[in-house]
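J.: Please see the structure below; I have some questions.
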Amino acid sequence: MKTLQIGVAGLGFIGPAHIEALRRIPNLHVAAISDMNEEIAQEKADQLGVDAAYGSYEELLAHEGLDCIHICTPNHLHYPMAKAALEAGINVVCEKPLSMTIAEAEELVELAEKTGLVNAVHFNIRYYPLVRQMKAMRENGDLGDIYSVIGTYLQDWLFYATDYNWRLEPQYSGDSRAIADIGSHLMDLIEHVTGLQIKEVMADFSTVHPTRKKPLKPVETYSGKMLKPEDYADVPIETEDFATVLLRFSNGNKGTLTVSQVSAGRKNRINVEIAGSKKTVAWCSESPNEIWIGERDVPNGQLLRDPALVDGAASKLISFPGGHNEGFPDTSKQLFKQVYGAIRDGKHETGLYPTFADGLRELYLGEAIVESNKKQAWVTI
């Protein structure tokens, strides 16, 4: 079997996570990387054991024989990089958001369809086996009609006013932060599992730290490094630390969504509870190998991740026997397995993995939520 050659652009937090997942799939080779400049790129290449390092994306794109590019850079670079890769005839896996604007995302979707190249967005939360199990339960009729959905995504990495990252700057990340960054994952999860579309939203944002202290020295996301007082500059913050959103679904029923990047002790906690006419299911990313199943007339249950006990669709996302836990790194591996299967087949497959069209969908939702917060009113998508 041919070994597929891969380039990765951007080596902050998520780029190395992509590389680690790719290396656990047979016959894939991360051949080259790029970062902000040649010195940083070479340092990252030495750390990660990658042969070729470039100080510009253009050089990476020109690396001979690349089958796919992974775009793991700040948000404002996603659109031009994805567009350039597609125009160069190279398949693309892009971090979310797909672009900074709906117009850019629509252009990318159209270009991807025109080229026929494989295009994917890294909505990896879909690939927890028990998330897929909840989807299968809904599809099999085990949940009945969906009555309500309660979803939360809580973090604390921006808890202090001294916590800082490029995501706090709209010119690099966009007009929304918590919703666009982690809320997009949660909304994709909710629509993917329930099969419903969010049709209307009512949002309310809170910026807990209207002024933050920006480090005058570079600090990587999640590094935990602390600088001295003289190493900071006061910067006004325009994006949300916390958001809560009321949802109206396509079946007429309701839900709520809460995201926060200032919840002390919550490192990266996704929780979703889906109530149906037959039973309720609940799943949490901090204990991703179990589902709580709520009943009215019989004792509640708990399903543990076990390939012998789950639906066949969920079993395909499990690499180890029951009792051998799998988590966040495995979600990317499972997503990439499907993406690279499509690349080998030479055929983009809608519905098999999250695509640029799914990335566009999240931009529609995100823009409506931002508009709702500004108007303090319901907005239809």
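Labels for the structure tokens follow display order: chains A, B, ..., residues from 1 in each chain, ligands from 1.
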Excluding segment 204-210 of chain A and any residue of its chain fewer than 2 positions from it, enumerate the residues within 12 Å of it, using only C-alpha atoms, and give them as a VMD selection string.
T.: chain A and resid 158 to 164 168 176 to 179 201 to 202 212 to 213 234 to 246 256 to 263 368 to 378
J.: Set the distance at 9 Å and use only C-alpha atoms: which residues neighbour segment 140-142 of chain A once local chain neighbours fewer than 2 positions away are removed? I'd like the list as a list in words.
T.: Lys135, Ala136, Met137, Arg138, Gly144, Asp145, Gly276, Lys278 and Lys279 of chain A
J.: Between A:Ile190, A:Ala357, A:Leu303, A:Leu117, which residue has the minimum interatomic distance to Ala342 of chain A, considering only C-alpha atoms?
T.: A:Leu117
J.: Could you jot down the atom CA of Val131 of chain A to atom CA of Gly341 of chain A separation for me, Å, one decimal place?
T.: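 Atom CA of Val131 of chain A sits 21.4 Å away from atom CA of Gly341 of chain A.
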J.: Show which residues sit within 7 Å of Gly15 of chain A, as a PDB file with N, CA, C and O atoms, in the first residue's frame. Count only C-alpha atoms, and ignore same-chain residues fewer than 5 positions away.
T.:
```pdb
ATOM      1  N   VAL A   8       1.838  19.574   7.448  1.00  0.00           N
ATOM      2  CA  VAL A   8       1.085  20.190   8.540  1.00  0.00           C
ATOM      3  C   VAL A   8       1.534  21.634   8.702  1.00  0.00           C
ATOM      4  O   VAL A   8       2.719  21.894   8.922  1.00  0.00           O
ATOM      5  N   GLY A  10       1.295  24.977  10.960  1.00  0.00           N
ATOM      6  CA  GLY A  10       0.939  25.459  12.290  1.00  0.00           C
ATOM      7  C   GLY A  10       1.251  24.429  13.351  1.00  0.00           C
ATOM      8  O   GLY A  10       0.715  23.322  13.335  1.00  0.00           O
ATOM      9  N   CYS A  72      -3.502  23.964  10.712  1.00  0.00           N
ATOM     10  CA  CYS A  72      -3.640  24.055  12.172  1.00  0.00           C
ATOM     11  C   CYS A  72      -3.167  25.416  12.679  1.00  0.00           C
ATOM     12  O   CYS A  72      -2.605  25.523  13.775  1.00  0.00           O
TER      13      CYS A  72
END
```
J.: Would you write out, as CSV, a table of all residues in segment 304-351 of chain A that have an atom no more than 12 Å from an atom of segment 54-71 of chain A, listing for each the closest atom pair and the distance in Å to one decimal, considering only C-alpha atoms and ordering rows by chain and rising residue number?
T.:
```
residue,atom,partner,partner_atom,distance
A:Phe336,CA,A:His70,CA,10.5
A:Val339,CA,A:Cys68,CA,9.9
A:Tyr340,CA,A:Cys68,CA,8.8
A:Ala342,CA,A:Cys68,CA,11.5
A:Ile343,CA,A:Asp67,CA,8.0
A:Arg344,CA,A:Asp67,CA,9.5
A:Gly346,CA,A:Asp67,CA,10.7
```
J.: Please produce a file of the residues just selected, as a PDB file, in the first residue's frame, where the atoms kept are C-alpha atoms.
T.:
```
ATOM      1  CA  PHE A 336      -8.264  10.758  10.001  1.00  0.00           C
ATOM      2  CA  VAL A 339     -10.455  10.909   5.674  1.00  0.00           C
ATOM      3  CA  TYR A 340      -7.423   9.032   4.384  1.00  0.00           C
ATOM      4  CA  ALA A 342     -11.409   8.527   1.085  1.00  0.00           C
ATOM      5  CA  ILE A 343      -8.111   9.939  -0.209  1.00  0.00           C
ATOM      6  CA  ARG A 344      -6.939   6.435  -1.111  1.00  0.00           C
ATOM      7  CA  GLY A 346      -9.843   9.107  -4.714  1.00  0.00           C
TER       8      GLY A 346
END
```
